[in-house]
$ cat work.txt   # compact mmCIF, C-alpha atoms
# COMPACT_ATOMS: atom_id res chain seq x y z
CA MET A 410 0.00 0.00 0.00
CA PRO A 411 1.16 3.61 -0.64
CA GLY A 412 1.14 4.46 3.07
CA GLU A 413 3.27 1.45 3.94
CA LYS A 414 5.75 2.21 1.15
CA SER A 415 6.05 5.81 2.33
CA ALA A 416 6.64 4.67 5.92
CA ARG A 417 9.27 2.20 4.77
CA ARG A 418 11.09 4.86 2.73
CA ARG A 419 11.04 7.12 5.79
CA GLY A 420 12.45 4.32 7.94
CA VAL A 421 15.24 3.50 5.51
CA LEU A 422 16.16 7.18 5.16
CA LEU A 423 16.24 7.79 8.93
CA VAL A 424 18.35 4.69 9.64
CA LEU A 425 20.71 5.68 6.81
CA ILE A 426 21.06 9.22 8.21
CA ALA A 427 21.81 7.84 11.69
CA THR A 428 24.42 5.48 10.23
CA VAL A 429 26.15 8.31 8.36
CA LEU A 430 26.21 10.38 11.56
CA TRP A 431 27.78 7.50 13.49
CA SER A 432 30.35 6.97 10.73
CA MET A 433 31.64 10.53 11.21
CA ALA A 434 33.07 9.71 14.65
CA GLY A 435 36.50 9.01 13.18
CA LEU A 436 36.64 12.43 11.55
CA PHE A 437 35.94 14.16 14.86
CA ALA A 438 38.49 11.99 16.66
CA ARG A 439 41.22 12.85 14.17
CA LEU A 440 40.36 16.57 14.29
CA LEU A 441 40.88 16.35 18.07
CA ALA A 442 43.99 14.15 17.95
CA HIS A 443 46.10 16.92 19.57
CA LEU A 444 44.01 16.70 22.75
CA ASP A 445 44.46 13.96 25.36
CA VAL A 446 42.04 11.02 25.51
CA TRP A 447 40.51 11.99 28.86
CA THR A 448 39.66 15.51 27.71
CA VAL A 449 38.02 14.28 24.51
CA MET A 450 36.16 11.54 26.40
CA GLY A 451 34.91 13.95 29.05
CA TRP A 452 33.72 16.79 26.86
CA ARG A 453 32.26 14.53 24.16
CA ALA A 454 30.17 12.65 26.73
CA LEU A 455 29.19 15.74 28.70
CA LEU A 456 28.06 17.64 25.61
CA GLY A 457 26.40 14.46 24.38
CA ALA A 458 24.41 14.31 27.62
CA VAL A 459 23.21 17.86 27.04
CA SER A 460 22.18 17.01 23.48
CA ILE A 461 20.30 13.86 24.59
CA ALA A 462 18.47 15.84 27.28
CA LEU A 463 17.46 18.49 24.73
CA VAL A 464 16.30 15.89 22.20
CA GLY A 465 14.40 14.05 24.94
CA LEU A 466 12.72 17.28 26.05
CA ILE A 467 11.62 18.04 22.49
CA GLU A 468 10.30 14.48 22.08
CA TYR A 469 8.43 14.71 25.39
CA LEU A 470 6.85 18.09 24.64
CA SER A 471 5.73 16.83 21.23
CA GLY A 472 3.99 13.88 22.91
CA ARG A 473 6.15 11.24 21.22
CA LEU A 474 7.92 10.07 24.37
CA ASP A 475 6.09 7.96 26.95
CA ASN A 476 7.41 7.56 30.49
CA PRO A 477 10.83 9.19 29.81
CA PHE A 478 11.97 8.71 33.42
CA GLY A 479 10.83 5.11 33.77
CA PHE A 480 13.60 2.89 35.16
CA GLY A 481 13.65 -0.87 35.58
CA ARG A 482 15.41 -3.14 38.03
CA LEU A 483 18.24 -3.72 35.55
CA SER A 484 18.63 -0.07 34.55
CA LEU A 485 21.62 0.49 36.86
CA VAL A 486 23.53 -2.42 35.32
CA VAL A 487 22.58 -1.29 31.81
CA ALA A 488 23.74 2.23 32.66
CA LEU A 489 27.11 0.99 33.96
CA LEU A 490 27.64 -1.08 30.80
CA ALA A 491 26.67 1.88 28.63
CA MET A 492 29.13 4.09 30.51
CA VAL A 493 31.91 1.59 29.88
CA ALA A 494 30.92 1.37 26.21
CA ILE A 495 30.84 5.15 25.66
CA SER A 496 34.17 5.66 27.43
CA ALA A 497 35.91 2.73 25.72
CA TYR A 498 34.62 3.84 22.32
CA THR A 499 36.13 7.30 22.62
CA ALA A 500 39.42 5.89 23.91
CA SER A 501 39.58 3.29 21.13
CA VAL A 502 39.11 5.73 18.24
CA MET A 503 41.87 7.87 19.76
CA THR A 504 44.36 4.99 20.08
CA THR A 505 43.98 2.84 16.96
CA THR A 506 42.76 3.11 13.38
CA ILE A 507 39.08 3.75 12.76
CA ALA A 508 38.95 0.60 10.62
CA ASP A 509 40.13 -1.51 13.59
CA VAL A 510 37.35 -0.12 15.80
CA MET A 511 34.64 -0.59 13.18
CA VAL A 512 35.63 -4.14 12.24
CA ILE A 513 35.62 -5.29 15.86
CA TYR A 514 32.31 -3.50 16.47
CA ALA A 515 30.82 -5.36 13.48
CA THR A 516 30.98 -8.54 15.56
CA LEU A 517 28.34 -7.07 17.92
CA PRO A 518 25.49 -9.37 16.71
CA PHE A 519 27.59 -12.44 17.39
CA VAL A 520 28.79 -11.25 20.80
CA ALA A 521 25.21 -10.35 21.75
CA ALA A 522 24.05 -13.82 20.66
CA ALA A 523 26.68 -15.46 22.88
CA ILE A 524 25.83 -13.31 25.91
CA GLY A 525 22.11 -13.82 25.28
CA PHE A 526 22.66 -17.57 25.39
CA LEU A 527 24.63 -17.37 28.65
CA ILE A 528 22.30 -14.94 30.46
CA ASN A 529 18.84 -15.41 28.94
CA GLY A 530 19.21 -18.94 27.62
CA GLU A 531 18.39 -17.68 24.11
CA ARG A 532 18.86 -20.34 21.46
CA VAL A 533 21.78 -19.78 19.09
CA SER A 534 21.19 -21.10 15.58
CA PRO A 535 23.80 -23.16 13.72
CA ARG A 536 24.02 -20.33 11.16
CA THR A 537 24.90 -17.85 13.91
CA LEU A 538 27.57 -20.19 15.28
CA ALA A 539 29.08 -20.67 11.82
CA ALA A 540 29.04 -16.93 11.09
CA SER A 541 30.57 -16.22 14.51
CA GLY A 542 33.43 -18.60 13.79
CA VAL A 543 34.13 -16.97 10.44
CA ALA A 544 33.97 -13.49 11.99
CA LEU A 545 36.39 -14.59 14.71
CA CYS A 546 38.87 -15.63 12.01
CA GLY A 547 38.63 -12.14 10.52
CA ILE A 548 39.26 -10.53 13.92
CA VAL A 549 42.30 -12.78 14.54
CA ILE A 550 43.79 -11.75 11.19
CA MET A 551 43.26 -8.08 11.98
CA VAL A 552 44.45 -8.13 15.60
CA ALA A 553 47.55 -10.16 14.71
CA SER A 554 48.59 -7.35 12.37
CA GLY A 555 48.36 -4.87 15.25
CA LEU A 556 50.84 -6.71 17.50
CA GLY A 557 53.91 -4.59 18.06
CA SER A 558 52.44 -1.61 16.22
CA GLY A 559 50.97 0.21 19.21
CA ARG A 560 47.40 -0.54 18.09
CA LEU A 561 46.74 -3.43 20.47
CA LEU A 562 45.50 -1.11 23.25
CA GLY A 563 42.95 0.47 20.92
CA GLN A 564 41.86 -2.93 19.63
CA SER A 565 41.42 -4.19 23.21
CA LEU A 566 39.33 -1.14 24.07
CA SER A 567 37.21 -1.80 20.96
CA MET A 568 36.60 -5.34 22.19
CA LEU A 569 35.65 -4.01 25.64
CA MET A 570 33.26 -1.54 24.02
CA THR A 571 31.64 -4.29 21.94
CA LEU A 572 31.24 -6.57 24.97
CA ALA A 573 29.65 -3.76 26.98
CA PHE A 574 27.26 -2.82 24.16
CA ALA A 575 26.26 -6.45 23.68
CA GLY A 576 25.59 -6.89 27.39
CA MET A 577 23.52 -3.72 27.41
CA ILE A 578 21.41 -4.96 24.48
CA VAL A 579 20.79 -8.35 26.08
CA LEU A 580 19.78 -6.91 29.45
CA GLN A 581 17.60 -4.23 27.87
CA ARG A 582 15.56 -6.98 26.20
CA ARG A 583 14.44 -8.01 29.69
CA GLN A 584 12.86 -4.60 30.22
CA PRO A 585 11.70 -3.43 26.76
CA LYS A 586 9.26 -0.83 28.10
CA VAL A 587 11.94 1.13 29.92
CA SER A 588 12.90 4.40 28.17
CA MET A 589 16.57 4.69 27.24
CA ILE A 590 16.48 8.48 26.84
CA ALA A 591 16.95 9.28 30.54
CA VAL A 592 19.32 6.34 31.03
CA ASN A 593 21.53 7.43 28.13
CA ALA A 594 21.57 11.04 29.32
CA LEU A 595 22.68 9.98 32.82
CA VAL A 596 25.23 7.57 31.37
CA ALA A 597 26.74 10.24 29.14
CA LEU A 598 26.81 12.65 32.08
CA GLY A 599 28.61 10.09 34.24
CA SER A 600 31.11 9.28 31.49
CA GLY A 601 31.74 13.00 30.99
CA VAL A 602 32.40 13.64 34.66
CA PHE A 603 34.69 10.58 34.84
CA GLY A 604 36.68 11.72 31.80
CA LEU A 605 37.11 15.32 32.92
CA ALA A 606 38.03 14.21 36.45
CA ASN A 607 40.99 12.30 34.99
CA SER A 608 41.98 14.88 32.38
CA PRO A 609 44.95 17.24 32.83
CA HIS A 610 42.44 20.11 32.42
CA GLU A 611 44.21 21.57 29.45
CA ALA A 612 42.66 24.63 27.86
CA VAL A 613 40.14 23.89 25.10
CA GLY A 614 39.82 26.56 22.43
CA ALA A 615 36.58 27.68 20.81
CA TYR A 616 37.26 25.65 17.64
CA ASP A 617 38.00 22.46 19.59
CA PHE A 618 34.94 23.03 21.76
CA LEU A 619 32.79 23.33 18.63
CA ILE A 620 34.19 20.04 17.30
CA LEU A 621 33.59 18.36 20.66
CA PHE A 622 30.00 19.59 20.71
CA ALA A 623 29.42 18.28 17.18
CA PHE A 624 31.07 14.98 18.20
CA GLY A 625 28.70 14.55 21.15
CA LEU A 626 25.60 15.84 19.38
CA THR A 627 25.90 13.62 16.29
CA THR A 628 27.25 10.37 17.72
CA ILE A 629 25.55 10.34 21.14
CA GLY A 630 22.44 12.47 20.79
CA LEU A 631 20.98 12.71 17.29
CA ALA A 632 22.12 9.39 15.81
CA PHE A 633 20.56 7.30 18.58
CA VAL A 634 17.17 9.03 18.43
CA ILE A 635 17.05 9.09 14.60
CA PHE A 636 17.97 5.40 14.40
CA MET A 637 15.37 4.35 16.94
CA GLU A 638 12.71 6.37 15.10
CA GLY A 639 13.60 4.87 11.71
CA ALA A 640 13.80 1.33 13.08
CA LYS A 641 10.07 1.51 13.88
CA PHE A 642 9.20 1.46 10.16
CA ILE A 643 11.47 -1.27 8.75
CA PRO A 644 12.36 -4.86 9.71
CA SER A 645 15.09 -5.21 12.33
CA ALA A 646 17.28 -7.25 9.97
CA GLU A 647 17.09 -4.49 7.37
CA ALA A 648 17.96 -1.85 9.98
CA GLY A 649 20.92 -3.97 11.08
CA LEU A 650 22.09 -4.41 7.51
CA ILE A 651 21.95 -0.66 6.81
CA SER A 652 23.80 0.12 10.05
CA LEU A 653 26.68 -2.09 8.85
CA LEU A 654 27.47 0.70 6.38
CA ASP A 655 29.07 2.40 9.39
CA VAL A 656 31.85 -0.20 9.23
CA VAL A 657 32.53 0.71 5.59
CA LEU A 658 31.96 4.48 5.67
CA ALA A 659 33.95 5.38 8.81
CA PRO A 660 37.35 4.23 7.47
CA ILE A 661 36.60 5.82 4.09
CA TRP A 662 36.00 9.27 5.64
CA VAL A 663 39.29 9.26 7.57
CA PHE A 664 41.19 7.89 4.57
CA LEU A 665 39.85 10.67 2.31
CA ALA A 666 40.37 13.42 4.91
CA PHE A 667 43.59 12.30 6.62
CA GLY A 668 45.04 9.52 4.46
CA GLU A 669 44.74 6.98 7.29
CA ASN A 670 45.54 3.60 5.75
CA PRO A 671 44.32 0.70 7.94
CA GLY A 672 46.57 -1.83 6.22
CA ALA A 673 45.92 -4.93 4.13
CA ALA A 674 45.32 -7.23 7.12
CA THR A 675 42.58 -4.98 8.53
CA ILE A 676 40.92 -4.71 5.12
CA LEU A 677 41.00 -8.50 4.70
CA GLY A 678 39.77 -9.14 8.24
CA GLY A 679 37.06 -6.52 7.86
CA ALA A 680 35.84 -8.05 4.60
CA ILE A 681 35.58 -11.46 6.31
CA VAL A 682 33.64 -10.02 9.28
CA LEU A 683 31.26 -8.06 7.05
CA ALA A 684 30.64 -11.08 4.82
CA ALA A 685 29.87 -13.22 7.88
CA ALA A 686 27.45 -10.60 9.26
CA VAL A 687 25.62 -10.15 5.95
CA TRP A 688 25.39 -13.94 5.43
CA ARG A 689 23.99 -14.35 8.96
CA MET A 690 21.30 -11.68 8.49
CA ALA A 691 20.26 -12.64 4.95
CA PRO A 692 17.63 -15.27 5.95
CA ASP A 693 16.07 -12.94 8.55
CA LEU A 694 15.87 -10.17 5.97
CA ARG A 695 14.15 -12.41 3.41
CA ARG A 696 11.77 -13.78 6.04
CA GLU A 697 10.70 -10.31 7.24
CA GLN A 698 10.18 -9.09 3.68
CA VAL A 699 7.79 -11.99 3.05
CA LEU A 700 5.72 -11.35 6.20
$ encode --input "work.txt" --output "structure tokens"
Amino acid sequence: MPGEKSARRRGVLLVLIATVLWSMAGLFARLLAHLDVWTVMGWRALLGAVSIALVGLIEYLSGRLDNPFGFGRLSLVVALLAMVAISAYTASVMTTTIADVMVIYATLPFVAAAIGFLINGERVSPRTLAASGVALCGIVIMVASGLGSGRLLGQSLSMLMTLAFAGMIVLQRRQPKVSMIAVNALVALGSGVFGLANSPHEAVGAYDFLILFAFGLTTIGLAFVIFMEGAKFIPSAEAGLISLLDVVLAPIWVFLAFGENPGAATILGGAIVLAAAVWRMAPDLRREQVL
């Protein structure tokens, strides 16, 4: 029907916009490379918290946000995991190549499936197990290339970020009616305070402050809300497939702007991980299109 097609186009466009916003994180990180990690982490998260609060207020006043301050019994654990994820993400993009971070993050569906099995007893399909094994091979190829190059710390932080995000997703499924707007705002605020408390408190100029605000607004505030809005109108597998463009776009932006070459091993490992993720989601995508 025309209405359904229009809604689907809106959903695809919104998810695509959110993905492009997320993919710009590497650009902001490289523009701020002269600042220390703690300063970038603190201001990005703090300004991100402000942006989430503003977006949440607008959503609430427009009547599109129900129970914005509703918390569940697992919200504290989810918040702690989200704080770890936000902090580790900023630190990882500052300490290794953007391609490394994105490739490791692409394993999120597989990590979430493993944690879901351990915590919620969710059944893991043979296809997921096979795809996870293939993706693991890609990660091994990529991480092995980082040994001795100073990128291992960033790769480890990327793995920590992915584990924390996966745990957050699994636990949030136990309380689907709880709003993440207030939780994310508090998480970003906590991460910001933690980062600034450990920073050397170096002076931040007006230009850097503008970049930090854009970093927090796009990757913490706007992208999350836009993605969640778009995901309402399209199948989850399709939304997941579109969001994988982040893995491809993020390294391209920093290569074009700064000439950052991730290396042949990262490209090969990334191609293997992406192929495994697409192969895993293909049946779900076909199934949801038929329904």
$ atom_distance --input "work.txt" --atom1 "atom CA of A:Ala666" --atom2 "atom CA of A:Phe633"
24.8 Å
$ atom_distance --input "work.txt" --atom1 "atom CA of A:Phe624" --atom2 "atom CA of A:Ala597"
12.7 Å
$ atom_distance --input "work.txt" --atom1 "atom CA of A:Arg532" --atom2 "atom CA of A:Ala686"
17.8 Å
$ closest_residue --input "work.txt" --among "A:Gly451, A:Gly457, A:Gly576, A:Gly420" --to "A:Thr628" --atoms "only C-alpha atoms"
A:Gly457
$ residues_around --input "work.txt" --residues "A:Lys641" --least-positions-apart "5" --cutoff "10 Å" --atoms "only C-alpha atoms" --output "count of residues only"
7
$ closest_residue --input "work.txt" --among "A:Cys546, A:Ala691, A:Ile426, A:Ala612" --to "A:His443" --atoms "all atoms listed in the file"
A:Ala612
$ residues_around --input "work.txt" --residues "A:Tyr514" --least-positions-apart "5" --cutoff "12 Å" --atoms "only C-alpha atoms" --output "number ranges by chain"
A: 494, 497-498, 501-502, 507-509, 519-521, 544-545, 548, 564-575, 652-657, 659, 679, 682-683, 686
$ residues_around --input "work.txt" --residues "A:Val487" --least-positions-apart "2" --cutoff "9 Å" --atoms "only C-alpha atoms" --output "PyMOL selection string"
chain A and resi 483-485+489-492+573+576-578+580-581+592
$ residues_around --input "work.txt" --residues "A:Leu631" --least-positions-apart "2" --cutoff "8 Å" --atoms "all atoms listed in the file" --output "PyMOL selection string"
chain A and resi 427+460-461+464+626-629+633-635
$ closest_residue --input "work.txt" --among "A:Met551, A:Leu436, A:Leu538, A:Val596" --to "A:Leu665" --atoms "all atoms listed in the file"
A:Leu436
$ closest_residue --input "work.txt" --among "A:Thr499, A:Asn670, A:Thr516, A:Thr504" --to "A:Trp452" --atoms "all atoms listed in the file"
A:Thr499
$ residues_around --input "work.txt" --residues "A:Ala500" --least-positions-apart "6" --cutoff "9 Å" --atoms "all atoms listed in the file" --output "list in words"
Val446, Trp447, Val449, Met450, Gly563, Leu566 and Ser567 of chain A
$ closest_residue --input "work.txt" --among "A:Ser432, A:Asn529, A:Thr505, A:Ser541" --to "A:Ala684" --atoms "all atoms listed in the file"
A:Ser541
$ axis_aligned_box --input "work.txt" --around "stretch 628-641 of chain A" --padding-each-side "8 Å" --output "lines of an AutoDock Vina configuration file"
center_x = 18.7
center_y = 7.0
center_z = 16.4
size_x = 33.2
size_y = 27.4
size_z = 25.4
